Every structure is written in C-alpha cells, then in structure tokens.
Amino acid sequence: MTGPAAESTCRSCGEPGLATFLSLGKTPLADALVSVGDDLDAEEHFPLDVAFCPTCTQVQILEEVPAEKMFVDNYLYFSSFSDELLRHSRENALRLIAERRLGPDSLVVEVASNDGYLLRNFVEAGVPVIGVDPAPDQARVANENGVPTLARFFGTELAAELVAEGRRADVIVANNVMAHVPELNDVMAGVALLLADGGVVSIENPYVRDLVDHVEFDTIYHEHLLYHSCTSIERLARRHGLVLNHVENFPRLHGGTLRWLLGRTEKRSAAATAFLESEQASGLTSLAYYEGFAARVERVRRDLRALIERLRGEGATVAAYGAAAKGATLLNTVGLTTDLVEFVVDRNTHKQGRLMPGTHQPVEHPSALVDRRPDYVLVLAWNFLDEIMAQQQEYSALGGRFVVPVPEPRIVEAP
Ligand code: DWN
C-alpha cells in the first residue's frame with residue numbers, strides 16, 4: 001500500500017512527493033517505559049507511518065515527536081547493557097586509534113555518546129574526547145566515568161562554539177544517531193564544520209535494506225526518524241561538502257548495521273562503490289522495492305500473534321526478554337498484551353520496575369526467568385539472541401524455549 005504523504009517534505013533533501021509505504025497505526029514512545037502509578041490513560045500515542053523520498057531515496061517516518069520528549073524527559077536506553085555492543089565499540093575505537101595514529105594531540109568527538117560506552121576506550125588510550133548527548137542521566141554517568149560529556153544536542157551551534165575555542169575533530173563518531181535527528185542537515189553541517197581537514201567521520205546505523213529484506217519492522221519507532229542506505233548517506237554527505245569514502249558491513253549488529261566513513265577527499269573504496277551499485281541494481285533506490293513490505297509485515301504480525309495465542313491456548317506461559325525500543329513496537333503493533341505475554345525481563349536496571357510502553361508488562365530482572373519459569377520467552381531483543389541464550393542456559397536447562405519474532409516467528413531451543 002502506498003500513497004502520497006500529504007504535505008510532508010523530505011527531512012534530508014526538502015523535496016515534496018514522499019510516498020507512504022507502511023502504516024503501523026498509533027504507537028507509544030518506544031523507550032518511554034511507564035512508571036508504576038502513572039496515569040496509564042495519559043500515555044501518549046503517535047502515528048507511525050513510513051515513507052520513501054523519490055528525490056534522494058531517504059526512507060523516513062512522517063510524524064515528528066519533539067526530541068526533548070524522547071531523549072531528555074524519559075530516555076532509558078543505556079548502551080553499556082550489551083556485551084556484544086561493548087565489544088564492537090571497543091574494536092571500532094582501537095582500530096581508529098591505530099589507523100588514524102591518534103594520540104594526546106588528537107581530538108575525538110562523539111555525537112550521541114550515551115553513557116560513554118565508546119569514548120571510554122579513547123580516554124583509556126590517552127586520546128582527548130568530547131562526548132555530546134542530550135540525555136541528562138546518560139551524560140551524567142559518562143562524566144562520572146571520566147568521559148567529558150556535554151549534555152546538549154549536537155548541531156552547527158555547538159560545532160561553531162567548539163571551533164571558536166580552537167577545537168577541530170580528527171575523528172567524529174555518530175553511531176545510532178543519524179537515524180534520530182529531526183534536523184539532519186544541521187547535524188551534518190555541524191559535523192562538516194567541526195571536522196579537521198584530514199579528519200574522518202564514522203557513522204553507524206542499521207541498514208534499511210536489512211530492515212526490508214528481513215522484515216525488521218519492529219525497529220521502526222518514533223526515535224528512528226530516518227532509515228539509511230548508502231545512497232541516502234552519500235547524497236546527504238555531498239550536500240555538506242563531504243564524500244562517502246568507505247562502507248563496512250556488520251550483518252549481526254542490530255539486525256544489520258553499516259558503517260559509513262566520510263571525509264573531504266574525493267576517494268571511494270571498492271566496497272563503497274559495490275554497495276552503491278548494488279543499491280541501484282537491486283532497486284533499493286526506487287519506491288517499488290518498498291511496495292510489498294506492508295504485506296510482509298502484516299503476515300509476520302498475524303503469524304506471531306497466532307503462535308503466541310496457540311501456545312497460550314495449550315496452557316503454556318509466555319514472557320519476553322528485552323525491554324527494547326523495538327520490543328515496544330512489536331508488542332503494540334502485534335497486540336501482545338499482558339494476557340498473552342505476562343512480563344518482560346531486562347538487565348537495564350533503569351528499566352526494571354517499570355511497565356512496557358502501551359502494553360504495560362512489568363519489567364523484571366532476568367533472574368525472573370528461572371524464578372518464575374515461563375514455558376516460552378519471546379525475544380524482543382532478537383538482535384542479541386546468541387548473547388541472551390548463552391546467558392540464559394539455566395533457564396534453557398529447565399526446559400525453557402525461545403520465540404524469535406522476525407523475519408518469521410519461530411520457536412528455537414538453546415544449542
Ligand atoms: O537506535 C537505538 C538502538 C540502537 O538501540 C536506540 N534508539 C534505542 C535502542 O534500541 P533497542 O532498545 O531496541 O536496542 P537494543 O540494544 O536491542 O535493546 C536491548 C535491550 O535488551 C536493552 O534494554 C538491554 C537489554 N539486554 C539485556 O537485558 N540483556 C540486552 C542484552 C544484550 C542482554 O544480555
């Protein structure tokens with residue numbers, strides 16, 4: 001199903017003509033877990049519609065929720081609760097230090113630095129850093145851990161302040177943030193302003209091709225305004241005097257992540273060329289690629305609900321693992337209320353004791369799986385399935401089994 005997106009214009013190129021190809025109805029803010037005692041009827045829901053820009057190929061949602069509401073008032077995502085992400089981030093940092101020959105006279109700036117999970121690796125190596133993240137609790141934790149962090153939104157205003165202080169960044173990292181920024185062009189303009197002449201920009205985000213090919217519709221939520229391809233990133237970069245130099249692929253991270261390396265020099269690696277050409281050849285850069293997606297999403301939603309209802313009908317109990325943002329989209333768009341999925345477990349202590357957005361399952365410590373022994377666990381954080389199953393061997397030994405929702409709902413048992 002596609003259709004013109006009313007008066008909306010593209011967040012990247014500003015052109016009209018957006019074509020909506022998926023509507024997920026109205027959903028609550030995916031990271032806004034509810035505090036016990038809050039007025040549940042006051043919980044806000046917003047339209048979640050996804051569109052394609054035929055001018056610059058940028059995939060994006062149409063509704064813009066104020067960034068303060070999402071990332072300042074009640075943002076509970078802390079990056080350091082995933083060992084796999086911490087390993088990935090450390091490898092990223094150590095490689096940049098070696099390849100860019102970073103040292104005490106260098107400067108690394110990270111946009112959306114969260115709790116310092118990545119920058120701490122540079123600090124340990126004696127490389128000066130500046131973290132930037134508007135989430136006050138995450139910025140506080142980072143500063144407490146010795147990672148200098150500004151609790152601010154990044155853009156041209158902050159970039160100009162730093163440049164005026166004589167600061168230019170040899171490396172700018174922007175991981176899982178270029179999907180989140182309503183002022184995409186102001187952020188990229190700020191990056192271009194702050195980047196030293198021979199510097200490199202390293203951007204990571206889930207890859208829109210993996211989202212479509214693997215039906216990862218649960219990764220669509222209001223924090224994720226934008227869904228990137230190499231083509232959309234390349235066109236965004238050019239608009240700000242930067243060039244897409246290289247692309248690296250991490251198919252297991254967050255359901256498929258790409259790392260885009262940008263710079264000021266007109267050079268392009270074979271990998272970057274291959275990705276760009278493949279996107280053209282596969283049709284990823286045209287609307288037709290997205291037109292069948294809604295039907296595939298509907299099938300997963302239907303099959304997952306039918307599976308959970310069958311298990312419950314057989315008298316089985318079902319819980320879930322990962323109070324993830326994607327989990328909120330999945331529970332709400334599939335209609336998995338507490339009569340079907342009783343509770344959710346999560347290692348993030350800031351989420352424990354709260355209720356899932358919209359469906360209001362209580363969030364408990366992962367030990368509840370052994371204590372309460374649900375027959376099945378729906379893995380909402382399926383992108384960390386291996387890490388979670390390795391961690392939950394005691395639960396598996398007790399006969400517990402896992403339900404993985406995408407790309408097709410299925411029951412799996414720990415190896
Ligand atoms: O862009 C974003 C992505 C990258 O991360 C953010 N806007 C929000 C967040 O999305 P998410 O919440 O869907 O991401 P995760 O990292 O897949 O969420 C995993 C959840 O599972 C977290 O709440 C932490 C938790 N977890 C756990 O309890 N035990 C994770 C692991 C690996 C574990 O072992």
# chains A, B, ... in the order shown; residues from 1 in each chain; ligands from 1

$ closest_atom_pairs --of "chain A" --to "ligand 1" --cutoff "7 Å" --atoms "only C-alpha atoms and all ligand atoms" --output "Markdown table"
| residue | atom | partner | partner_atom_place_in_ligand_line | distance |
| --- | --- | --- | --- | --- |
| A:Asp31 | CA | ligand 1 | 12 (O) | 6.9 |
| A:Tyr77 | CA | ligand 1 | 8 (C) | 5.9 |
| A:Ser79 | CA | ligand 1 | 16 (O) | 6.7 |
| A:Phe81 | CA | ligand 1 | 24 (C) | 5.3 |
| A:Ser82 | CA | ligand 1 | 32 (C) | 3.9 |
| A:Asp83 | CA | ligand 1 | 32 (C) | 6.1 |
| A:Glu84 | CA | ligand 1 | 32 (C) | 6.6 |
| A:Asn176 | CA | ligand 1 | 1 (O) | 4.8 |
| A:Val177 | CA | ligand 1 | 1 (O) | 6.7 |
| A:Thr219 | CA | ligand 1 | 13 (O) | 6.6 |
| A:Glu223 | CA | ligand 1 | 7 (N) | 5.7 |
| A:His224 | CA | ligand 1 | 7 (N) | 6.6 |
| A:His254 | CA | ligand 1 | 17 (O) | 6.2 |
| A:Tyr321 | CA | ligand 1 | 28 (O) | 6.8 |
| A:Gly322 | CA | ligand 1 | 21 (O) | 3.8 |
| A:Ala323 | CA | ligand 1 | 23 (O) | 4.8 |
| A:Ala324 | CA | ligand 1 | 12 (O) | 3.4 |
| A:Ala325 | CA | ligand 1 | 12 (O) | 3.9 |
| A:Lys326 | CA | ligand 1 | 13 (O) | 4.1 |
| A:Gly327 | CA | ligand 1 | 13 (O) | 6.4 |
| A:Val345 | CA | ligand 1 | 28 (O) | 6.6 |
| A:Asp346 | CA | ligand 1 | 28 (O) | 3.4 |
| A:Arg347 | CA | ligand 1 | 28 (O) | 3.6 |
| A:Asn348 | CA | ligand 1 | 24 (C) | 5.5 |
| A:Pro366 | CA | ligand 1 | 28 (O) | 6.9 |
| A:Ala381 | CA | ligand 1 | 17 (O) | 4.8 |
| A:Asn383 | CA | ligand 1 | 17 (O) | 6.0 |
| A:Phe384 | CA | ligand 1 | 32 (C) | 5.1 |
| A:Glu387 | CA | ligand 1 | 34 (O) | 5.8 |
| A:Ile388 | CA | ligand 1 | 34 (O) | 4.9 |
| A:Gln391 | CA | ligand 1 | 34 (O) | 6.9 |

$ closest_atom_pairs --of "region 96-190 of chain A" --to "region 47-59 of chain A" --cutoff "12 Å" --atoms "only C-alpha atoms" --output "tab-separated table"
residue	atom	partner	partner_atom	distance
A:Met178	CA	A:Gln58	CA	11.9
A:Ala179	CA	A:Val59	CA	10.0
A:Leu184	CA	A:Gln58	CA	11.4

$ closest_residue --among "A:Ala169, A:Leu102, A:Ala67, A:Val123" --to "Val181 (chain A)" --atoms "only C-alpha atoms"
A:Ala67

$ residues_around --residues "region 278-293 of chain A" --least-positions-apart "5" --cutoff "9 Å" --atoms "only C-alpha atoms" --output "list of chain:residue names"
A:Met1, A:Thr2, A:Ala19, A:Phe21, A:Leu22, A:Phe52, A:Cys53, A:Pro54, A:Cys56, A:Thr57, A:Gln58, A:Val208, A:Arg209, A:Val212, A:Asp213, A:Val215, A:Ser229, A:Cys230, A:Thr231, A:Ser232, A:Thr273, A:Glu298

$ write_last_selection --atoms "N, CA, C and O atoms" --output "short mmCIF file (atom, residue, chain, number, x, y, z; two decimals), in the first residue's frame"
data_model
loop_
_atom_site.label_atom_id
_atom_site.label_comp_id
_atom_site.auth_asym_id
_atom_site.auth_seq_id
_atom_site.Cartn_x
_atom_site.Cartn_y
_atom_site.Cartn_z
N MET A 1 0.85 -1.18 0.00
CA MET A 1 0.00 0.00 0.00
C MET A 1 0.89 1.24 0.00
O MET A 1 1.80 1.34 0.80
N THR A 2 0.72 2.09 -0.95
CA THR A 2 1.49 3.33 -0.94
C THR A 2 0.52 4.47 -1.23
O THR A 2 -0.58 4.25 -1.71
N ALA A 19 6.31 9.19 -0.53
CA ALA A 19 5.31 8.13 -0.77
C ALA A 19 5.27 7.22 0.45
O ALA A 19 6.27 6.57 0.78
N PHE A 21 4.62 3.96 2.47
CA PHE A 21 4.51 2.55 2.08
C PHE A 21 4.19 1.62 3.25
O PHE A 21 4.00 0.42 3.07
N LEU A 22 4.13 2.17 4.47
CA LEU A 22 3.79 1.34 5.62
C LEU A 22 3.15 2.22 6.69
O LEU A 22 3.67 3.29 7.01
N PHE A 52 8.94 6.97 1.55
CA PHE A 52 10.16 6.95 0.71
C PHE A 52 10.22 8.26 -0.05
O PHE A 52 9.20 8.73 -0.59
N CYS A 53 11.43 8.84 -0.14
CA CYS A 53 11.59 10.08 -0.93
C CYS A 53 12.11 9.72 -2.31
O CYS A 53 13.25 9.23 -2.44
N PRO A 54 11.34 9.96 -3.35
CA PRO A 54 11.78 9.60 -4.70
C PRO A 54 12.92 10.48 -5.20
O PRO A 54 13.61 10.14 -6.16
N CYS A 56 15.70 11.78 -3.15
CA CYS A 56 17.04 11.44 -2.62
C CYS A 56 17.08 10.04 -2.03
O CYS A 56 18.10 9.65 -1.45
N THR A 57 15.99 9.27 -2.13
CA THR A 57 15.84 7.86 -1.69
C THR A 57 15.78 7.71 -0.17
O THR A 57 15.79 6.58 0.33
N GLN A 58 15.72 8.82 0.58
CA GLN A 58 15.70 8.70 2.04
C GLN A 58 14.40 8.09 2.53
O GLN A 58 13.30 8.57 2.23
N VAL A 208 18.82 0.07 5.96
CA VAL A 208 17.41 -0.02 5.56
C VAL A 208 17.15 -1.28 4.71
O VAL A 208 16.07 -1.86 4.74
N ARG A 209 18.18 -1.73 3.99
CA ARG A 209 17.99 -2.92 3.16
C ARG A 209 17.74 -4.14 4.04
O ARG A 209 16.85 -4.96 3.76
N VAL A 212 14.16 -4.09 5.43
CA VAL A 212 13.13 -4.54 4.48
C VAL A 212 13.29 -6.03 4.18
O VAL A 212 12.34 -6.81 4.28
N ASP A 213 14.54 -6.45 3.88
CA ASP A 213 14.74 -7.86 3.47
C ASP A 213 14.41 -8.83 4.60
O ASP A 213 13.94 -9.95 4.35
N VAL A 215 12.35 -8.13 7.24
CA VAL A 215 11.07 -7.73 7.84
C VAL A 215 11.26 -7.23 9.27
O VAL A 215 10.49 -7.57 10.18
N SER A 229 20.34 4.28 3.67
CA SER A 229 21.06 3.45 2.69
C SER A 229 22.37 4.16 2.36
O SER A 229 22.58 5.32 2.75
N CYS A 230 23.24 3.50 1.65
CA CYS A 230 24.50 4.14 1.21
C CYS A 230 24.18 5.31 0.30
O CYS A 230 24.82 6.37 0.37
N THR A 231 23.17 5.14 -0.52
CA THR A 231 22.79 6.21 -1.46
C THR A 231 22.28 7.44 -0.72
O THR A 231 22.69 8.56 -1.03
N SER A 232 21.44 7.24 0.29
CA SER A 232 20.90 8.41 1.00
C SER A 232 21.99 9.08 1.81
O SER A 232 22.04 10.31 1.91
N THR A 273 31.82 1.57 -3.58
CA THR A 273 31.31 1.51 -4.96
C THR A 273 30.37 0.32 -5.13
O THR A 273 29.28 0.45 -5.70
N GLU A 298 2.47 -7.43 7.66
CA GLU A 298 1.16 -7.91 8.13
C GLU A 298 1.21 -9.42 8.36
O GLU A 298 0.65 -9.94 9.34
#

$ select_by_dssp --residues "region 284-379 of chain A" --states "helix (DSSP H, G or I)" --output "ChimeraX atom specification"
/A:287-290,293-313,325-334,368-372

$ residues_around --residues "region 308-315 of chain A" --least-positions-apart "3" --cutoff "9 Å" --atoms "only C-alpha atoms" --output "PyMOL selection string"
chain A and resi 303-305+318+336+339-341+376+378+403

$ atom_distance --atom1 "CA of Val34 (chain A)" --atom2 "CA of Asn74 (chain A)"
9.3 Å

$ select_by_dssp --residues "region 15-165 of chain A" --states "strand (DSSP E)" --output "tab-separated table (two decimals) with all heavy atoms, in the first residue's frame"
chain	number	residue	atom	x	y	z
A	19	ALA	N	6.31	9.19	-0.53
A	19	ALA	CA	5.31	8.13	-0.77
A	19	ALA	C	5.27	7.22	0.45
A	19	ALA	O	6.27	6.57	0.78
A	19	ALA	CB	5.69	7.34	-2.02
A	20	THR	N	4.12	7.19	1.14
A	20	THR	CA	3.97	6.32	2.31
A	20	THR	C	3.83	4.88	1.86
A	20	THR	O	3.06	4.58	0.95
A	20	THR	CB	2.72	6.72	3.12
A	20	THR	OG1	2.86	8.08	3.53
A	20	THR	CG2	2.56	5.84	4.35
A	21	PHE	N	4.62	3.96	2.47
A	21	PHE	CA	4.51	2.55	2.08
A	21	PHE	C	4.19	1.62	3.25
A	21	PHE	O	4.00	0.42	3.07
A	21	PHE	CB	5.78	2.07	1.36
A	21	PHE	CG	7.04	2.13	2.17
A	21	PHE	CD1	7.38	1.09	3.04
A	21	PHE	CD2	7.89	3.22	2.08
A	21	PHE	CE1	8.55	1.13	3.78
A	21	PHE	CE2	9.06	3.27	2.82
A	21	PHE	CZ	9.39	2.23	3.68
A	22	LEU	N	4.13	2.17	4.47
A	22	LEU	CA	3.79	1.34	5.62
A	22	LEU	C	3.15	2.22	6.69
A	22	LEU	O	3.67	3.29	7.01
A	22	LEU	CB	5.04	0.67	6.21
A	22	LEU	CG	4.82	-0.17	7.47
A	22	LEU	CD1	3.96	-1.40	7.16
A	22	LEU	CD2	6.14	-0.60	8.09
A	23	SER	N	2.01	1.76	7.22
A	23	SER	CA	1.38	2.44	8.35
A	23	SER	C	1.24	1.44	9.49
A	23	SER	O	0.61	0.39	9.32
A	23	SER	CB	0.02	2.99	7.95
A	23	SER	OG	0.18	4.09	7.07
A	24	LEU	N	1.82	1.78	10.65
A	24	LEU	CA	1.76	0.88	11.81
A	24	LEU	C	0.78	1.39	12.86
A	24	LEU	O	0.80	0.95	14.01
A	24	LEU	CB	3.17	0.72	12.41
A	24	LEU	CG	4.14	-0.09	11.56
A	24	LEU	CD1	5.55	-0.04	12.16
A	24	LEU	CD2	3.68	-1.53	11.40
A	25	GLY	N	-0.06	2.33	12.48
A	25	GLY	CA	-1.06	2.85	13.41
A	25	GLY	C	-0.43	3.82	14.39
A	25	GLY	O	0.61	4.42	14.12
A	26	LYS	N	-1.10	3.99	15.54
A	26	LYS	CA	-0.57	4.89	16.56
A	26	LYS	C	0.11	4.04	17.64
A	26	LYS	O	-0.46	3.07	18.12
A	26	LYS	CB	-1.72	5.70	17.19
A	26	LYS	CG	-2.19	6.87	16.33
A	26	LYS	CD	-3.06	7.80	17.13
A	26	LYS	CE	-3.34	9.11	16.38
A	26	LYS	NZ	-4.08	10.07	17.24
A	27	THR	N	1.34	4.44	18.00
A	27	THR	CA	2.08	3.66	18.99
A	27	THR	C	2.66	4.61	20.05
A	27	THR	O	2.85	5.80	19.79
A	27	THR	CB	3.25	2.89	18.34
A	27	THR	OG1	4.15	3.82	17.78
A	27	THR	CG2	2.74	1.94	17.27
A	28	PRO	N	2.95	4.09	21.26
A	28	PRO	CA	3.56	4.93	22.29
A	28	PRO	C	5.04	5.13	22.00
A	28	PRO	O	5.61	4.45	21.14
A	28	PRO	CB	3.37	4.11	23.57
A	28	PRO	CG	3.34	2.69	23.09
A	28	PRO	CD	2.67	2.73	21.74
A	34	VAL	N	6.72	3.11	31.38
A	34	VAL	CA	5.79	3.79	32.28
A	34	VAL	C	6.17	3.48	33.72
A	34	VAL	O	6.53	2.34	34.05
A	34	VAL	CB	4.35	3.31	31.99
A	34	VAL	CG1	3.36	4.00	32.91
A	34	VAL	CG2	4.00	3.55	30.53
A	35	SER	N	6.11	4.48	34.56
A	35	SER	CA	6.35	4.25	35.99
A	35	SER	C	5.07	3.75	36.64
A	35	SER	O	3.97	4.22	36.31
A	35	SER	CB	6.80	5.55	36.67
A	35	SER	OG	8.04	5.95	36.10
A	45	HIS	N	0.21	8.41	22.40
A	45	HIS	CA	0.45	7.58	21.21
A	45	HIS	C	0.55	8.50	20.00
A	45	HIS	O	-0.12	9.54	19.94
A	45	HIS	CB	-0.68	6.58	20.99
A	45	HIS	CG	-0.70	5.46	22.00
A	45	HIS	ND1	-0.82	5.69	23.36
A	45	HIS	CD2	-0.61	4.11	21.84
A	45	HIS	CE1	-0.81	4.51	23.99
A	45	HIS	NE2	-0.67	3.56	23.11
A	46	PHE	N	1.38	8.13	19.04
A	46	PHE	CA	1.60	8.96	17.86
A	46	PHE	C	1.54	8.09	16.60
A	46	PHE	O	1.94	6.93	16.63
A	46	PHE	CB	2.97	9.63	17.93
A	46	PHE	CG	3.19	10.50	19.16
A	46	PHE	CD1	3.73	9.95	20.32
A	46	PHE	CD2	2.84	11.84	19.16
A	46	PHE	CE1	3.93	10.73	21.46
A	46	PHE	CE2	3.04	12.63	20.29
A	46	PHE	CZ	3.58	12.07	21.44
A	47	PRO	N	1.11	8.67	15.46
A	47	PRO	CA	1.07	7.90	14.21
A	47	PRO	C	2.47	7.43	13.82
A	47	PRO	O	3.46	8.15	14.03
A	47	PRO	CB	0.54	8.91	13.19
A	47	PRO	CG	-0.11	9.99	13.98
A	47	PRO	CD	0.63	10.06	15.28
A	48	LEU	N	2.54	6.21	13.29
A	48	LEU	CA	3.82	5.65	12.87
A	48	LEU	C	3.68	5.21	11.41
A	48	LEU	O	3.28	4.09	11.12
A	48	LEU	CB	4.21	4.48	13.78
A	48	LEU	CG	5.63	3.96	13.69
A	48	LEU	CD1	6.66	5.07	13.90
A	48	LEU	CD2	5.86	2.85	14.73
A	49	ASP	N	3.98	6.15	10.51
A	49	ASP	CA	3.85	5.92	9.06
A	49	ASP	C	5.21	6.11	8.42
A	49	ASP	O	5.93	7.06	8.74
A	49	ASP	CB	2.85	6.90	8.42
A	49	ASP	CG	1.46	6.75	9.03
A	49	ASP	OD1	1.09	5.62	9.37
A	49	ASP	OD2	0.78	7.78	9.21
A	50	VAL	N	5.57	5.25	7.50
A	50	VAL	CA	6.90	5.25	6.89
A	50	VAL	C	6.78	5.59	5.40
A	50	VAL	O	5.88	5.08	4.71
A	50	VAL	CB	7.60	3.88	7.02
A	50	VAL	CG1	9.08	3.99	6.68
A	50	VAL	CG2	7.44	3.34	8.44
A	51	ALA	N	7.68	6.48	4.94
A	51	ALA	CA	7.60	6.96	3.55
A	51	ALA	C	8.97	6.92	2.88
A	51	ALA	O	10.01	6.83	3.54
A	51	ALA	CB	7.05	8.38	3.52
A	52	PHE	N	8.94	6.97	1.55
A	52	PHE	CA	10.16	6.95	0.71
A	52	PHE	C	10.22	8.26	-0.05
A	52	PHE	O	9.20	8.73	-0.59
A	52	PHE	CB	10.08	5.77	-0.26
A	52	PHE	CG	11.14	5.74	-1.32
A	52	PHE	CD1	12.40	5.20	-1.06
A	52	PHE	CD2	10.90	6.25	-2.60
A	52	PHE	CE1	13.38	5.16	-2.03
A	52	PHE	CE2	11.88	6.22	-3.59
A	52	PHE	CZ	13.13	5.68	-3.30
A	59	VAL	N	14.48	7.00	3.30
A	59	VAL	CA	13.31	6.41	3.96
A	59	VAL	C	13.16	7.09	5.32
A	59	VAL	O	14.16	7.35	6.00
A	59	VAL	CB	13.47	4.89	4.11
A	59	VAL	CG1	12.31	4.28	4.90
A	59	VAL	CG2	13.55	4.24	2.73
A	60	GLN	N	11.91	7.39	5.71
A	60	GLN	CA	11.71	8.20	6.91
A	60	GLN	C	10.28	8.04	7.43
A	60	GLN	O	9.39	7.61	6.68
A	60	GLN	CB	11.95	9.67	6.58
A	60	GLN	CG	11.13	10.18	5.42
A	60	GLN	CD	11.76	11.37	4.72
A	60	GLN	OE1	11.66	12.50	5.23
A	60	GLN	NE2	12.43	11.14	3.60
A	61	ILE	N	10.07	8.34	8.70
A	61	ILE	CA	8.70	8.36	9.21
A	61	ILE	C	8.19	9.79	9.10
A	61	ILE	O	8.95	10.75	8.98
A	61	ILE	CB	8.59	7.83	10.66
A	61	ILE	CG1	9.31	8.70	11.65
A	61	ILE	CG2	9.05	6.40	10.73
A	61	ILE	CD1	9.07	8.28	13.11
A	108	VAL	N	38.74	13.40	19.55
A	108	VAL	CA	37.64	12.57	19.05
A	108	VAL	C	36.35	13.11	19.64
A	108	VAL	O	36.25	13.30	20.86
A	108	VAL	CB	37.83	11.09	19.46
A	108	VAL	CG1	36.62	10.26	19.02
A	108	VAL	CG2	39.11	10.53	18.85
A	109	VAL	N	35.39	13.39	18.80
A	109	VAL	CA	34.08	13.86	19.25
A	109	VAL	C	33.04	12.81	18.88
A	109	VAL	O	33.05	12.30	17.75
A	109	VAL	CB	33.70	15.21	18.61
A	109	VAL	CG1	32.26	15.62	18.96
A	109	VAL	CG2	34.69	16.30	19.06
A	110	GLU	N	32.18	12.45	19.83
A	110	GLU	CA	31.10	11.51	19.50
A	110	GLU	C	29.77	12.20	19.69
A	110	GLU	O	29.50	12.79	20.75
A	110	GLU	CB	31.15	10.25	20.37
A	110	GLU	CG	30.06	9.25	19.94
A	110	GLU	CD	30.00	7.96	20.71
A	110	GLU	OE1	30.67	7.86	21.75
A	110	GLU	OE2	29.25	7.05	20.29
A	111	VAL	N	28.96	12.13	18.64
A	111	VAL	CA	27.60	12.66	18.70
A	111	VAL	C	26.68	11.54	19.19
A	111	VAL	O	26.70	10.45	18.64
A	111	VAL	CB	27.14	13.13	17.30
A	111	VAL	CG1	25.72	13.69	17.35
A	111	VAL	CG2	28.11	14.16	16.73
A	129	VAL	N	38.82	13.45	24.28
A	129	VAL	CA	37.48	13.23	23.69
A	129	VAL	C	36.52	14.31	24.17
A	129	VAL	O	36.74	14.95	25.20
A	129	VAL	CB	36.92	11.85	24.08
A	129	VAL	CG1	37.89	10.74	23.68
A	129	VAL	CG2	36.59	11.79	25.56
A	130	ILE	N	35.47	14.49	23.41
A	130	ILE	CA	34.29	15.24	23.84
A	130	ILE	C	33.06	14.42	23.46
A	130	ILE	O	32.84	14.12	22.28
A	130	ILE	CB	34.20	16.64	23.16
A	130	ILE	CG1	35.42	17.49	23.48
A	130	ILE	CG2	32.91	17.36	23.61
A	130	ILE	CD1	35.43	18.84	22.74
A	131	GLY	N	32.29	14.04	24.47
A	131	GLY	CA	31.02	13.37	24.22
A	131	GLY	C	29.92	14.41	24.17
A	131	GLY	O	29.97	15.43	24.87
A	132	VAL	N	28.94	14.17	23.32
A	132	VAL	CA	27.78	15.06	23.23
A	132	VAL	C	26.52	14.20	23.26
A	132	VAL	O	26.36	13.30	22.43
A	132	VAL	CB	27.79	15.89	21.92
A	132	VAL	CG1	26.59	16.83	21.87
A	132	VAL	CG2	29.10	16.66	21.78
A	149	THR	N	31.62	14.96	28.82
A	149	THR	CA	30.41	14.88	28.00
A	149	THR	C	29.57	16.13	28.20
A	149	THR	O	29.35	16.57	29.34
A	149	THR	CB	29.59	13.63	28.37
A	149	THR	OG1	30.39	12.47	28.12
A	149	THR	CG2	28.31	13.55	27.53
A	150	LEU	N	29.11	16.69	27.10
A	150	LEU	CA	28.21	17.85	27.12
A	150	LEU	C	26.78	17.36	26.97
A	150	LEU	O	26.47	16.66	26.00
A	150	LEU	CB	28.56	18.81	25.97
A	150	LEU	CG	30.01	19.34	25.92
A	150	LEU	CD1	30.25	20.11	24.61
A	150	LEU	CD2	30.29	20.20	27.14

$ atom_distance --atom1 "CA of Ala196 (chain A)" --atom2 "CA of Leu226 (chain A)"
26.6 Å

$ atom_distance --atom1 "CA of Val379 (chain A)" --atom2 "CA of His228 (chain A)"
25.0 Å

$ residues_around --residues "region 266-269 of chain A" --least-positions-apart "3" --cutoff "8 Å" --atoms "only C-alpha atoms" --output "list in words"
Val243, Leu244, Asn245, His246, Val247, Ala272 and Thr273 of chain A

$ closest_residue --among "A:Arg410, A:Arg100, A:Arg296, A:Arg302" --to "Trp382 (chain A)" --atoms "only C-alpha atoms"
A:Arg410

$ closest_residue --among "A:Asp218, A:Glu99, A:Glu68, A:Asp170" --to "Asp133 (chain A)" --atoms "only C-alpha atoms"
A:Glu68

$ decode --residues "region 347-361 of chain A" --atoms "N, CA, C and O atoms" --output "CSV table (one decimal), in the first residue's frame"
chain,number,residue,atom,x,y,z
A,347,ARG,N,18.2,-6.5,31.6
A,347,ARG,CA,19.4,-6.2,32.5
A,347,ARG,C,19.5,-4.8,32.9
A,347,ARG,O,20.2,-4.4,33.9
A,348,ASN,N,18.9,-3.9,32.1
A,348,ASN,CA,19.0,-2.5,32.4
A,348,ASN,C,18.2,-2.1,33.6
A,348,ASN,O,17.0,-2.2,33.7
A,349,THR,N,19.0,-1.8,34.7
A,349,THR,CA,18.4,-1.5,36.0
A,349,THR,C,17.5,-0.3,35.9
A,349,THR,O,16.6,-0.2,36.8
A,350,HIS,N,17.7,0.6,34.9
A,350,HIS,CA,16.8,1.8,34.9
A,350,HIS,C,15.4,1.4,34.3
A,350,HIS,O,14.5,2.2,34.5
A,351,LYS,N,15.3,0.2,33.7
A,351,LYS,CA,14.0,-0.2,33.1
A,351,LYS,C,13.3,-1.1,34.1
A,351,LYS,O,12.1,-1.2,34.0
A,352,GLN,N,14.1,-1.8,34.9
A,352,GLN,CA,13.4,-2.7,35.9
A,352,GLN,C,12.5,-2.0,36.8
A,352,GLN,O,12.8,-0.9,37.2
A,353,GLY,N,11.3,-2.6,37.1
A,353,GLY,CA,10.3,-1.9,38.0
A,353,GLY,C,9.4,-1.0,37.2
A,353,GLY,O,8.4,-0.5,37.8
A,354,ARG,N,9.6,-0.8,35.9
A,354,ARG,CA,8.7,0.0,35.2
A,354,ARG,C,7.8,-0.9,34.3
A,354,ARG,O,7.9,-2.2,34.4
A,355,LEU,N,6.9,-0.3,33.5
A,355,LEU,CA,6.0,-1.1,32.6
A,355,LEU,C,6.3,-0.8,31.2
A,355,LEU,O,6.6,0.4,30.8
A,356,MET,N,6.1,-1.8,30.3
A,356,MET,CA,6.4,-1.6,28.9
A,356,MET,C,5.4,-0.5,28.3
A,356,MET,O,4.3,-0.5,28.7
A,357,PRO,N,5.9,0.3,27.4
A,357,PRO,CA,5.0,1.3,26.8
A,357,PRO,C,3.8,0.7,26.1
A,357,PRO,O,4.0,-0.3,25.4
A,358,GLY,N,2.7,1.2,26.4
A,358,GLY,CA,1.4,0.8,25.7
A,358,GLY,C,0.8,-0.5,26.2
A,358,GLY,O,-0.4,-0.6,26.4
A,359,THR,N,1.6,-1.6,26.3
A,359,THR,CA,1.1,-2.9,26.7
A,359,THR,C,1.2,-3.2,28.2
A,359,THR,O,0.6,-4.1,28.8
A,360,HIS,N,2.2,-2.4,28.9
A,360,HIS,CA,2.3,-2.4,30.3
A,360,HIS,C,2.7,-3.6,31.0
A,360,HIS,O,2.4,-3.9,32.2
A,361,GLN,N,3.4,-4.5,30.3
A,361,GLN,CA,4.0,-5.6,31.0
A,361,GLN,C,5.0,-5.1,32.1
A,361,GLN,O,5.8,-4.2,31.7
